[in-house]
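File shown: model.txt. Contents: compact mmCIF, C-alpha atoms.
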```txt
# COMPACT_ATOMS: atom_id res chain seq x y z
CA MET D 1 58.48 109.28 91.39
CA THR D 2 57.19 105.81 90.63
CA ASP D 3 58.51 103.15 92.97
CA ILE D 4 59.30 99.55 92.13
CA PRO D 5 58.03 97.95 95.32
CA ALA D 6 59.43 94.96 97.13
CA ALA D 7 57.13 92.61 98.97
CA HIS D 8 59.42 92.33 101.98
CA ALA D 9 63.07 92.57 102.93
CA PHE D 10 64.98 89.91 101.04
CA GLY D 11 68.65 89.83 101.92
CA VAL D 12 71.79 87.92 101.11
CA ARG D 13 71.02 85.04 103.48
CA ASP D 14 67.67 84.52 101.78
CA LEU D 15 69.39 84.47 98.39
CA LEU D 16 72.02 81.96 99.39
CA ARG D 17 69.33 79.58 100.57
CA ILE D 18 68.25 79.20 96.93
CA PRO D 19 70.36 76.34 95.43
CA ASP D 20 70.16 77.51 91.81
CA PHE D 21 71.09 81.07 92.76
CA ARG D 22 74.10 79.80 94.73
CA ARG D 23 75.25 77.94 91.64
CA LEU D 24 74.77 80.94 89.36
CA TYR D 25 76.49 83.22 91.83
CA LEU D 26 79.51 80.94 92.24
CA ALA D 27 79.77 80.39 88.49
CA GLN D 28 79.61 84.13 87.86
CA ALA D 29 82.31 84.81 90.44
CA ILE D 30 84.68 82.24 88.92
CA SER D 31 83.92 83.43 85.38
CA ASP D 32 84.56 87.04 86.41
CA VAL D 33 87.95 86.06 87.81
CA GLY D 34 88.67 84.52 84.42
CA ASP D 35 87.59 87.70 82.62
CA GLY D 36 89.90 89.78 84.81
CA MET D 37 92.78 87.46 84.05
CA THR D 38 92.10 87.38 80.30
CA PHE D 39 92.17 91.07 79.58
CA LEU D 40 95.11 91.99 81.81
CA ALA D 41 97.13 89.09 80.41
CA LEU D 42 96.25 90.17 76.87
CA PHE D 43 97.42 93.71 77.54
CA LEU D 44 100.68 92.50 79.09
CA LEU D 45 101.27 90.13 76.20
CA VAL D 46 100.54 92.65 73.44
CA LEU D 47 102.62 95.31 75.15
CA ASP D 48 105.54 92.87 75.47
CA LEU D 49 105.30 91.78 71.83
CA THR D 50 104.70 95.19 70.22
CA ASP D 51 105.74 97.88 72.74
CA SER D 52 103.02 99.94 71.04
CA THR D 53 100.24 101.98 72.64
CA ALA D 54 98.47 101.95 69.27
CA ALA D 55 98.33 98.14 69.46
CA LEU D 56 96.84 98.38 72.94
CA ALA D 57 94.24 100.85 71.67
CA LEU D 58 93.33 98.48 68.83
CA LEU D 59 93.00 95.60 71.29
CA SER D 60 90.70 97.71 73.48
CA ILE D 61 88.49 98.54 70.51
CA LEU D 62 88.28 94.92 69.36
CA VAL D 63 87.22 93.81 72.84
CA ALA D 64 84.67 96.64 73.27
CA LEU D 65 82.94 96.40 69.88
CA PRO D 66 81.09 93.03 70.11
CA PRO D 67 78.46 94.19 72.65
CA VAL D 68 77.74 97.18 70.41
CA THR D 69 77.59 95.30 67.11
CA ILE D 70 75.96 91.99 68.10
CA GLY D 71 74.68 92.66 71.61
CA LEU D 72 71.08 93.17 70.47
CA PHE D 73 71.10 89.88 68.55
CA ALA D 74 72.70 88.08 71.51
CA GLY D 75 69.81 89.31 73.64
CA ALA D 76 67.23 88.08 71.12
CA PHE D 77 69.00 84.71 71.03
CA ALA D 78 68.72 84.50 74.83
CA ASP D 79 64.97 85.10 74.59
CA ARG D 80 64.46 82.15 72.26
CA SER D 81 67.00 79.63 73.55
CA ASP D 82 67.96 77.71 76.67
CA ARG D 83 69.82 80.32 78.78
CA ARG D 84 71.55 77.64 80.84
CA ARG D 85 72.91 76.04 77.68
CA ILE D 86 74.04 79.42 76.32
CA MET D 87 76.06 80.04 79.48
CA VAL D 88 77.62 76.57 79.46
CA VAL D 89 78.53 76.75 75.77
CA SER D 90 79.86 80.31 76.18
CA ASP D 91 82.15 79.33 79.06
CA THR D 92 83.32 76.17 77.27
CA LEU D 93 84.10 77.98 74.02
CA ARG D 94 85.88 80.78 75.88
CA ALA D 95 88.04 78.18 77.59
CA MET D 96 89.02 76.77 74.19
CA VAL D 97 89.73 80.22 72.73
CA VAL D 98 91.81 81.25 75.74
CA LEU D 99 93.84 78.04 75.47
CA GLY D 100 94.41 78.91 71.83
CA LEU D 101 96.16 82.07 73.01
CA VAL D 102 98.98 79.94 74.44
CA PRO D 103 100.49 78.79 71.09
CA ALA D 104 99.71 82.22 69.61
CA ALA D 105 101.67 83.87 72.40
CA LEU D 106 104.59 81.43 72.11
CA ALA D 107 104.75 82.10 68.36
CA GLY D 108 104.47 85.86 68.84
CA ALA D 109 101.58 85.90 66.35
CA VAL D 110 100.08 89.30 67.19
CA PRO D 111 97.39 89.26 64.43
CA LEU D 112 96.19 85.85 65.65
CA ILE D 113 96.12 87.14 69.23
CA PHE D 114 93.88 90.01 68.10
CA VAL D 115 91.56 87.57 66.30
CA LEU D 116 91.32 85.29 69.34
CA ALA D 117 90.75 88.26 71.69
CA ALA D 118 87.90 89.51 69.48
CA THR D 119 86.45 86.00 69.28
CA GLN D 120 86.52 85.65 73.05
CA ALA D 121 84.70 88.97 73.41
CA VAL D 122 82.06 87.92 70.86
CA ILE D 123 81.36 84.69 72.74
CA GLY D 124 81.20 86.53 76.06
CA THR D 125 78.57 88.89 74.63
CA PHE D 126 76.09 86.00 74.59
CA PHE D 127 76.78 85.11 78.23
CA ALA D 128 75.60 88.36 79.86
CA PRO D 129 71.99 88.61 78.57
CA ALA D 130 71.48 84.88 79.13
CA ARG D 131 72.45 85.22 82.77
CA THR D 132 70.39 88.39 83.20
CA ALA D 133 67.33 86.56 81.85
CA LEU D 134 67.96 83.46 83.95
CA VAL D 135 68.34 85.08 87.38
CA PRO D 136 64.66 86.14 87.73
CA ARG D 137 63.69 82.52 87.03
CA VAL D 138 65.39 81.41 90.27
CA VAL D 139 65.10 84.56 92.43
CA PRO D 140 61.77 86.10 93.50
CA VAL D 141 61.13 89.67 92.41
CA GLU D 142 61.71 91.05 95.91
CA GLY D 143 65.19 89.52 95.89
CA LEU D 144 66.44 90.94 92.58
CA LEU D 145 68.00 94.10 94.00
CA ALA D 146 69.92 92.08 96.60
CA ALA D 147 70.98 89.58 93.92
CA ASN D 148 72.24 92.27 91.56
CA SER D 149 74.04 94.16 94.34
CA LEU D 150 75.75 90.98 95.47
CA GLY D 151 76.65 90.14 91.87
CA GLN D 152 78.12 93.58 91.15
CA MET D 153 80.06 93.56 94.41
CA THR D 154 81.49 90.13 93.64
CA ARG D 155 82.38 91.23 90.10
CA MET D 156 84.57 94.00 91.51
CA VAL D 157 86.31 91.65 93.94
CA ALA D 158 86.74 89.02 91.22
CA GLY D 159 88.31 91.59 88.90
CA VAL D 160 90.86 92.50 91.56
CA VAL D 161 91.54 88.83 92.30
CA GLY D 162 91.94 88.08 88.59
CA ALA D 163 94.37 90.95 88.14
CA GLY D 164 96.31 89.87 91.22
CA VAL D 165 96.58 86.26 90.08
CA THR D 166 97.67 87.43 86.64
CA GLY D 167 100.38 89.63 88.15
CA VAL D 168 101.73 86.82 90.32
CA ILE D 169 101.75 84.21 87.54
CA ALA D 170 103.25 86.58 84.97
CA GLY D 171 105.82 87.78 87.49
CA VAL D 172 106.93 84.31 88.50
CA ALA D 173 106.90 82.89 84.96
CA GLY D 174 108.38 86.00 83.38
CA THR D 175 105.74 85.85 80.65
CA ALA D 176 101.95 86.13 80.36
CA TRP D 177 101.04 82.95 78.48
CA PRO D 178 100.77 80.62 81.56
CA VAL D 179 97.94 82.87 82.76
CA PHE D 180 95.79 81.65 79.89
CA VAL D 181 96.04 78.04 81.09
CA VAL D 182 94.69 78.96 84.53
CA ASP D 183 92.16 81.27 82.92
CA ALA D 184 90.79 78.47 80.73
CA ALA D 185 90.33 76.33 83.82
CA THR D 186 88.17 79.02 85.47
CA PHE D 187 85.79 79.03 82.49
CA LEU D 188 85.52 75.22 82.53
CA VAL D 189 84.78 75.19 86.27
CA SER D 190 82.09 77.83 85.73
CA ALA D 191 80.53 75.73 82.96
CA VAL D 192 80.40 72.65 85.21
CA ILE D 193 78.68 74.63 87.97
CA VAL D 194 76.08 76.12 85.62
CA LEU D 195 75.31 72.60 84.39
CA ARG D 196 74.01 71.87 87.89
CA VAL D 197 71.36 74.61 87.60
CA SER D 198 67.94 73.07 87.04
CA ARG D 199 67.19 72.62 83.35
CA GLU D 200 63.70 74.09 83.69
CA ALA D 201 65.09 77.41 84.94
CA GLY D 202 66.98 77.97 81.71
CA LEU D 203 64.19 77.17 79.28
CA PRO D 204 62.27 80.12 77.79
CA GLU D 205 58.51 80.05 77.51
CA VAL D 206 57.55 77.89 74.55
CA ALA D 207 55.05 80.35 73.03
CA SER D 208 57.36 83.37 73.24
CA ALA D 209 60.34 81.43 71.84
CA ALA D 210 58.18 80.25 68.93
CA SER D 211 57.02 83.80 68.21
CA ILE D 212 60.62 85.03 68.11
CA ARG D 213 61.57 82.29 65.66
CA ALA D 214 58.58 83.23 63.52
CA ARG D 215 59.51 86.90 63.56
CA GLY D 216 63.18 86.23 62.83
CA MET D 217 66.13 87.71 64.70
CA GLY D 218 65.82 91.12 63.06
CA GLY D 219 62.13 91.38 63.86
CA ALA D 220 62.72 90.20 67.42
CA VAL D 221 65.38 92.88 67.95
CA LEU D 222 63.01 95.57 66.66
CA ASP D 223 60.28 94.29 68.98
CA GLY D 224 62.67 94.64 71.92
CA LEU D 225 63.58 98.21 70.95
CA ARG D 226 59.88 99.08 70.62
CA LEU D 227 59.25 97.68 74.07
CA ILE D 228 62.00 99.84 75.54
CA ALA D 229 60.74 102.95 73.77
CA GLY D 230 57.25 102.38 75.15
CA SER D 231 58.30 101.97 78.78
CA ALA D 232 59.23 105.09 80.78
CA PRO D 233 61.13 103.13 83.49
CA LEU D 234 63.19 101.25 80.90
CA VAL D 235 63.98 104.42 78.94
CA ALA D 236 64.92 106.11 82.22
CA ALA D 237 67.28 103.31 83.21
CA LEU D 238 68.86 102.56 79.84
CA GLY D 239 68.94 106.17 78.68
CA GLY D 240 70.18 107.42 82.03
CA VAL D 241 73.07 104.96 82.12
CA ALA D 242 74.01 105.59 78.47
CA VAL D 243 74.06 109.37 79.00
CA THR D 244 76.05 108.86 82.20
CA MET D 245 78.66 106.86 80.30
CA LEU D 246 79.04 109.79 77.93
CA GLY D 247 80.00 111.84 80.97
CA VAL D 248 82.16 109.43 82.95
CA GLY D 249 83.78 107.43 80.15
CA ALA D 250 86.40 110.16 79.81
CA ILE D 251 87.85 109.18 83.18
CA ASN D 252 89.09 105.88 81.75
CA VAL D 253 91.24 107.72 79.22
CA LEU D 254 92.27 110.84 81.13
CA PHE D 255 92.75 109.65 84.69
CA ILE D 256 96.47 108.81 84.55
CA PRO D 257 97.42 111.95 82.55
CA PHE D 258 95.37 113.98 85.04
CA LEU D 259 97.09 112.36 88.02
CA VAL D 260 100.62 112.76 86.67
CA ASN D 261 100.47 115.92 84.56
CA ASP D 262 97.79 118.08 86.18
CA LEU D 263 98.29 117.09 89.81
CA GLY D 264 102.01 116.39 89.54
CA ALA D 265 101.61 113.17 91.53
CA SER D 266 103.50 109.92 91.23
CA PRO D 267 101.95 107.13 89.11
CA ALA D 268 102.24 105.02 92.26
CA TRP D 269 99.06 106.77 93.47
CA ALA D 270 97.08 104.92 90.79
CA GLY D 271 97.02 101.74 92.88
CA PRO D 272 95.62 103.28 96.10
CA LEU D 273 93.12 105.34 94.09
CA GLU D 274 91.79 102.29 92.30
CA ALA D 275 91.73 100.39 95.59
CA ALA D 276 89.69 103.17 97.20
CA GLN D 277 87.13 103.10 94.41
CA THR D 278 86.91 99.31 94.49
CA ALA D 279 86.60 99.22 98.29
CA ALA D 280 83.79 101.77 98.14
CA MET D 281 81.93 99.70 95.56
CA VAL D 282 82.28 96.56 97.65
CA VAL D 283 81.05 98.33 100.80
CA ALA D 284 78.15 99.94 98.94
CA GLY D 285 77.23 96.66 97.29
CA GLY D 286 77.08 94.89 100.63
CA LEU D 287 75.00 97.71 102.12
CA ILE D 288 72.51 97.68 99.26
CA ALA D 289 72.22 93.90 99.37
CA SER D 290 71.48 94.02 103.09
CA LEU D 291 68.94 96.85 102.72
CA ALA D 292 67.20 95.46 99.63
CA GLY D 293 63.44 95.52 100.08
CA ARG D 294 63.63 98.63 102.25
CA VAL D 295 64.61 101.08 99.52
CA SER D 296 62.95 102.45 96.40
CA VAL D 297 64.79 101.24 93.32
CA PRO D 298 64.15 104.36 91.14
CA ARG D 299 65.15 106.74 93.96
CA LEU D 300 68.31 104.73 94.59
CA PHE D 301 69.10 104.85 90.86
CA VAL D 302 68.60 108.63 90.58
CA GLY D 303 70.45 109.26 93.86
CA GLY D 304 73.40 107.25 92.59
CA LEU D 305 73.51 109.28 89.37
CA LEU D 306 73.38 112.55 91.32
CA GLY D 307 76.21 111.50 93.62
CA LEU D 308 78.31 110.20 90.73
CA GLY D 309 77.78 113.43 88.78
CA LEU D 310 78.94 115.48 91.75
CA CYS D 311 82.04 113.32 92.19
CA VAL D 312 82.97 113.58 88.50
CA GLY D 313 82.49 117.34 88.64
CA LEU D 314 84.66 117.57 91.77
CA LEU D 315 87.53 116.03 89.80
CA SER D 316 87.81 119.35 88.02
CA VAL D 317 88.77 121.17 91.23
CA VAL D 318 90.70 118.62 93.35
CA PRO D 319 94.03 120.12 94.48
CA GLY D 320 95.99 116.92 95.01
CA PRO D 321 96.01 113.12 95.30
CA VAL D 322 94.81 113.01 98.92
CA VAL D 323 91.56 114.82 98.10
CA LEU D 324 91.35 112.79 94.90
CA LEU D 325 91.41 109.64 97.04
CA ALA D 326 88.26 110.79 98.87
CA VAL D 327 86.53 111.75 95.61
CA MET D 328 87.27 108.37 94.03
CA PHE D 329 85.93 106.62 97.12
CA GLY D 330 82.71 108.62 96.72
CA ALA D 331 82.56 107.84 93.00
CA GLY D 332 82.81 104.12 93.74
CA ALA D 333 80.15 104.32 96.44
CA PHE D 334 77.69 106.02 94.06
CA THR D 335 78.54 103.84 91.06
CA MET D 336 77.43 100.63 92.77
CA PRO D 337 73.74 101.61 93.31
CA VAL D 338 73.53 102.75 89.70
CA GLN D 339 74.81 99.41 88.44
CA ALA D 340 72.68 97.27 90.75
CA THR D 341 69.45 99.20 90.24
CA THR D 342 69.84 99.40 86.46
CA MET D 343 69.83 95.62 86.17
CA THR D 344 66.98 95.37 88.68
CA ILE D 345 64.83 97.80 86.68
CA VAL D 346 65.53 95.82 83.52
CA GLN D 347 64.58 92.54 85.20
CA GLN D 348 61.47 93.91 86.91
CA GLY D 349 60.37 95.95 83.90
CA THR D 350 60.40 93.00 81.48
CA THR D 351 59.00 89.51 81.22
CA ASP D 352 60.81 86.30 80.52
CA ALA D 353 59.87 86.74 76.85
CA THR D 354 61.75 90.05 76.44
CA ARG D 355 64.37 90.21 79.17
CA GLY D 356 67.32 89.08 77.07
CA ARG D 357 66.70 91.67 74.36
CA VAL D 358 66.45 94.52 76.85
CA ALA D 359 69.64 93.35 78.58
CA GLY D 360 71.38 93.18 75.21
CA ALA D 361 70.26 96.73 74.42
CA LEU D 362 71.56 97.89 77.79
CA ASN D 363 75.01 96.39 77.17
CA ALA D 364 75.11 97.82 73.64
CA GLY D 365 74.14 101.30 74.81
CA ILE D 366 76.70 101.35 77.60
CA GLN D 367 79.54 100.19 75.37
CA ALA D 368 78.63 102.56 72.53
CA ALA D 369 78.45 105.55 74.87
CA SER D 370 81.69 104.53 76.56
CA ILE D 371 83.55 104.24 73.26
CA GLY D 372 82.20 107.60 72.09
CA SER D 373 83.11 109.27 75.36
CA MET D 374 86.67 107.92 75.37
CA ALA D 375 87.19 108.99 71.76
CA ALA D 376 85.90 112.50 72.43
CA ALA D 377 87.83 112.84 75.68
CA GLY D 378 91.21 112.40 74.05
CA ILE D 379 90.44 115.16 71.54
CA LEU D 380 88.75 117.61 73.91
CA ALA D 381 91.44 117.31 76.59
CA ASP D 382 94.01 118.78 74.21
CA VAL D 383 91.69 121.64 73.32
CA ILE D 384 90.00 122.67 76.59
CA GLY D 385 92.00 120.83 79.25
CA ILE D 386 91.36 117.72 81.35
CA ARG D 387 89.72 119.60 84.24
CA THR D 388 87.20 121.19 81.91
CA VAL D 389 86.40 117.81 80.39
CA PHE D 390 85.71 116.46 83.89
CA ALA D 391 83.47 119.44 84.66
CA ILE D 392 81.49 118.77 81.49
CA GLY D 393 81.33 115.07 82.33
CA GLY D 394 79.90 115.86 85.75
CA ALA D 395 77.29 118.16 84.22
CA ILE D 396 76.28 115.48 81.69
CA THR D 397 75.86 112.93 84.50
CA LEU D 398 73.67 115.34 86.48
CA LEU D 399 71.56 115.84 83.37
CA ALA D 400 71.22 112.05 83.14
CA ALA D 401 69.88 112.03 86.70
CA LEU D 402 67.35 114.75 85.83
CA PHE D 403 66.35 112.85 82.69
CA ALA D 404 65.76 109.63 84.64
CA TRP D 405 63.92 111.39 87.50
CA THR D 406 61.57 113.07 85.04
CA LEU D 407 60.72 109.81 83.30
CA PHE D 408 60.18 107.92 86.55
CA ARG D 409 57.76 110.63 87.69
CA ARG D 410 55.82 110.37 84.43
CA ALA D 411 55.32 106.62 84.82
CA PRO D 412 51.83 105.88 86.18
CA SER D 413 51.76 105.05 89.88
CA GLY D 414 52.18 101.33 90.47
CA ASP D 415 53.12 100.81 86.84
CA ALA D 416 56.91 100.98 87.04
CA ALA D 417 57.13 97.72 85.18
CA VAL D 418 55.27 97.06 81.98
CA SER D 419 52.55 94.49 82.52
CA THR D 420 53.43 90.91 81.71
CA GLU D 421 50.46 90.46 79.41
CA ALA D 422 51.21 93.62 77.44
CA GLN D 423 54.86 92.71 77.01
CA GLU D 424 54.11 89.22 75.80
CA THR D 425 51.71 90.68 73.24
CA SER D 426 54.34 93.18 72.16
CA ALA D 427 57.00 90.48 71.80
CA ALA D 428 54.74 88.42 69.59
CA THR D 429 53.29 91.20 67.42
CA GLY D 430 55.83 94.00 67.49
CA THR D 431 53.22 96.45 68.80
CA PRO D 432 54.71 99.19 71.02
CA VAL D 433 53.68 99.15 74.67
CA ALA D 434 52.85 102.40 76.44
CA ALA D 435 54.16 102.71 79.97
```

Using the file provided, produce a representation of the structure as structure tokens.
Amino acid sequence: MTDIPAAHAFGVRDLLRIPDFRRLYLAQAISDVGDGMTFLALFLLVLDLTDSTAALALLSILVALPPVTIGLFAGAFADRSDRRRIMVVSDTLRAMVVLGLVPAALAGAVPLIFVLAATQAVIGTFFAPARTALVPRVVPVEGLLAANSLGQMTRMVAGVVGAGVTGVIAGVAGTAWPVFVVDAATFLVSAVIVLRVSREAGLPEVASAASIRARGMGGAVLDGLRLIAGSAPLVAALGGVAVTMLGVGAINVLFIPFLVNDLGASPAWAGPLEAAQTAAMVVAGGLIASLAGRVSVPRLFVGGLLGLGLCVGLLSVVPGPVVLLAVMFGAGAFTMPVQATTMTIVQQGTTDATRGRVAGALNAGIQAASIGSMAAAGILADVIGIRTVFAIGGAITLLAALFAWTLFRRAPSGDAAVSTEAQETSAATGTPVAA
């Protein structure tokens, strides 16, 4: 299997000595808290106003669709524009949209709430590829795995914090709309912090940005897809994660029915089970960040997929909530290396000229596979049973690991990342690059 080498061990302390990374990291953490607050508050608000699960399903679809429909173009935009400015504008606009939810909530205007929720998701779609493309400008290549592990770990903690803050505010106020005021403040604070990142770090290379403008957004997106198709490591990472989401996406839909109906357990178990998974991800993220530079990124990616596939498959045979607690802890522990290494492979397997487009394709693939999996899960569970769906999901995830392992082995030794020169030529001309 081809390795993506690290020059030396580069841990969390090394990362936090980099001023621009500290700023990006803090801004991401605060922004992630805001994201966690936004979506939980939206669900509470819509449920209170409509008392309809169909309305919640529609809200979920509206929030999930933007990365699929415009994610590729958001990535191309990040490759031709100032990434720092994209992040600042994204956070500022999201603050304004979230504040707009306050009068919408007070008026009980459900259609307007849906429009604002979709708008917030669209704006957020531009934030992710811009940040992905900016991080390698401030972090050396040997520090990317540690940076991504730390970022993913913090995202999990921030999500829990955001949900907790939302619960407290909504509980004290008796309504969800005050959450949006605090939420808007988190986005504004994030924007101010990103403004302190050096301007040069956010600027794309002049020649590559000019070539993208000359090609047009559609041509630039096609160039990015050609680049992915010509790189075995990128296909392994993006394809492996997308296939995995086909297998594990069902858990999001079927977990509570499985817990209550199949296992006969109390819904109160949902909290400890989610806490176990989150705790495992945090622990694994910290471990990976501390060991970064001593591990092979492709092997860690494939190992994570194998472990996750086994855990999903084990869901089909768990006898009760206590065993389920252990399985969910394992699932969280194996999910973290997959998430951290996927982003690392994308960053190391691209240049500054193409990184945003590949990140946009990654987000689009994950969301599309997740939506498809959740839709299929609801239908298949009624036909073949939830346990059988989990068994199939585990098998699909193991196949994703085999798929990725095969592609990594086919990549020429020492060529896990496409050469910088070849990628820049591909970005400018649209010529596919062979891995």

Fewer than 2 positions away in the same chain doesn't count, so skip those; otherwise give me all residues within 12 Å of Gly11 of chain D, counting all atoms listed in the file, as an mmCIF file with C-alpha atoms, keeping the file's coordinate frame.
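The resulting file, part26.cif, is shown below:
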```cif
data_model
loop_
_atom_site.group_PDB
_atom_site.id
_atom_site.type_symbol
_atom_site.label_atom_id
_atom_site.label_comp_id
_atom_site.auth_asym_id
_atom_site.auth_seq_id
_atom_site.Cartn_x
_atom_site.Cartn_y
_atom_site.Cartn_z
ATOM 1 C CA ALA D 6 59.430 94.960 97.130
ATOM 2 C CA HIS D 8 59.420 92.330 101.980
ATOM 3 C CA ALA D 9 63.070 92.570 102.930
ATOM 4 C CA ARG D 13 71.020 85.040 103.480
ATOM 5 C CA ASP D 14 67.670 84.520 101.780
ATOM 6 C CA LEU D 15 69.390 84.470 98.390
ATOM 7 C CA LEU D 16 72.020 81.960 99.390
ATOM 8 C CA ARG D 17 69.330 79.580 100.570
ATOM 9 C CA ILE D 18 68.250 79.200 96.930
ATOM 10 C CA VAL D 139 65.100 84.560 92.430
ATOM 11 C CA PRO D 140 61.770 86.100 93.500
ATOM 12 C CA GLU D 142 61.710 91.050 95.910
ATOM 13 C CA GLY D 143 65.190 89.520 95.890
ATOM 14 C CA LEU D 144 66.440 90.940 92.580
ATOM 15 C CA LEU D 145 68.000 94.100 94.000
ATOM 16 C CA ALA D 146 69.920 92.080 96.600
ATOM 17 C CA ALA D 147 70.980 89.580 93.920
ATOM 18 C CA ASN D 148 72.240 92.270 91.560
ATOM 19 C CA SER D 149 74.040 94.160 94.340
ATOM 20 C CA LEU D 150 75.750 90.980 95.470
ATOM 21 C CA GLY D 285 77.230 96.660 97.290
ATOM 22 C CA GLY D 286 77.080 94.890 100.630
ATOM 23 C CA LEU D 287 75.000 97.710 102.120
ATOM 24 C CA ILE D 288 72.510 97.680 99.260
ATOM 25 C CA ALA D 289 72.220 93.900 99.370
ATOM 26 C CA SER D 290 71.480 94.020 103.090
ATOM 27 C CA LEU D 291 68.940 96.850 102.720
ATOM 28 C CA ALA D 292 67.200 95.460 99.630
ATOM 29 C CA GLY D 293 63.440 95.520 100.080
ATOM 30 C CA ARG D 294 63.630 98.630 102.250
#
```

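Counting from atom CA of Val181 of chain D, the distance to atom CA of Ser90 of chain D is 17.1 Å.
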
Min atom-atom distance to Val253 of chain D from the set D:Ile386, D:Ile86, D:Leu112, D:Met217, counting all atoms listed in the file, belongs to D:Ile386

Using 6 Å as the limit and counting only C-alpha atoms, can you tabulate each residue of segment 192-254 of chain D that touches segment 350-366 of chain D, with its shortest atom-to-atom distance in Å and the two atoms involved, as a Markdown table?
```
| residue | atom | partner | partner_atom | distance |
| --- | --- | --- | --- | --- |
| D:Ser208 | CA | D:Ala353 | CA | 5.5 |
| D:Gly224 | CA | D:Arg357 | CA | 5.6 |
| D:Leu238 | CA | D:Leu362 | CA | 5.8 |
| D:Ala242 | CA | D:Ile366 | CA | 5.1 |
```

Counting all atoms listed in the file, give me one row per residue of segment 277-305 of chain D with an atom at most 12 Å from an atom of segment 312-327 of chain D, showing the shortest contact pair and its distance in Å to one decimal, sorted by chain then residue number, as JSON lines.
```
{"residue": "D:Gln277", "atom": "CA", "partner": "D:Leu325", "partner_atom": "CA", "distance": 8.2}
{"residue": "D:Thr278", "atom": "CA", "partner": "D:Leu325", "partner_atom": "CA", "distance": 11.6}
{"residue": "D:Ala279", "atom": "CA", "partner": "D:Leu325", "partner_atom": "CA", "distance": 11.5}
{"residue": "D:Ala280", "atom": "CA", "partner": "D:Ala326", "partner_atom": "CA", "distance": 10.1}
{"residue": "D:Leu305", "atom": "CA", "partner": "D:Val312", "partner_atom": "CA", "distance": 10.4}
```

Students should find that atom CA of Gly264 of chain D and atom CA of Gly385 of chain D are spaced 15.0 Å

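Between Leu259 of chain D and the candidates D:Ala381, D:Leu72, D:Leu273, D:Met87, the tightest atom-to-atom separation, counting only C-alpha atoms, involves D:Leu273.
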
- Message: If we count all atoms listed in the file and set the cut-off at 12 Å, which residues sit around Ile61 of chain D, ignoring sequence neighbours fewer than 5 positions away in its own chain? Please answer as a ChimeraX atom specification.
- Response: /D:54-56,66-69,114,117-118,121,367-368,370-372,374-375

May I have the residues from that selection written out with C-alpha atoms, as a short mmCIF file (atom, residue, chain, number, x, y, z; two decimals), in the frame of the given file?
```
data_model
loop_
_atom_site.label_atom_id
_atom_site.label_comp_id
_atom_site.auth_asym_id
_atom_site.auth_seq_id
_atom_site.Cartn_x
_atom_site.Cartn_y
_atom_site.Cartn_z
CA ALA D 54 98.47 101.95 69.27
CA ALA D 55 98.33 98.14 69.46
CA LEU D 56 96.84 98.38 72.94
CA PRO D 66 81.09 93.03 70.11
CA PRO D 67 78.46 94.19 72.65
CA VAL D 68 77.74 97.18 70.41
CA THR D 69 77.59 95.30 67.11
CA PHE D 114 93.88 90.01 68.10
CA ALA D 117 90.75 88.26 71.69
CA ALA D 118 87.90 89.51 69.48
CA ALA D 121 84.70 88.97 73.41
CA GLN D 367 79.54 100.19 75.37
CA ALA D 368 78.63 102.56 72.53
CA SER D 370 81.69 104.53 76.56
CA ILE D 371 83.55 104.24 73.26
CA GLY D 372 82.20 107.60 72.09
CA MET D 374 86.67 107.92 75.37
CA ALA D 375 87.19 108.99 71.76
#
```

How many Å separate atom CA of Val260 of chain D from atom CA of Gly332 of chain D?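 Distance reported for this atom pair: 21.0 Å.
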
Box in all listed atoms of segment 371-375 of chain D, axis-aligned, with 4 Å more on each side; write out centre and edge lengths in Å to one decimal as JSON.
```
{"center_x": 84.7, "center_y": 106.8, "center_z": 73.6, "size_x": 13.0, "size_y": 13.0, "size_z": 11.6}
```

Across D:Thr388, D:Val135, D:Asp382, D:Val102, the smallest distance to Ala201 of chain D, with only C-alpha atoms counted, is shown by D:Val135
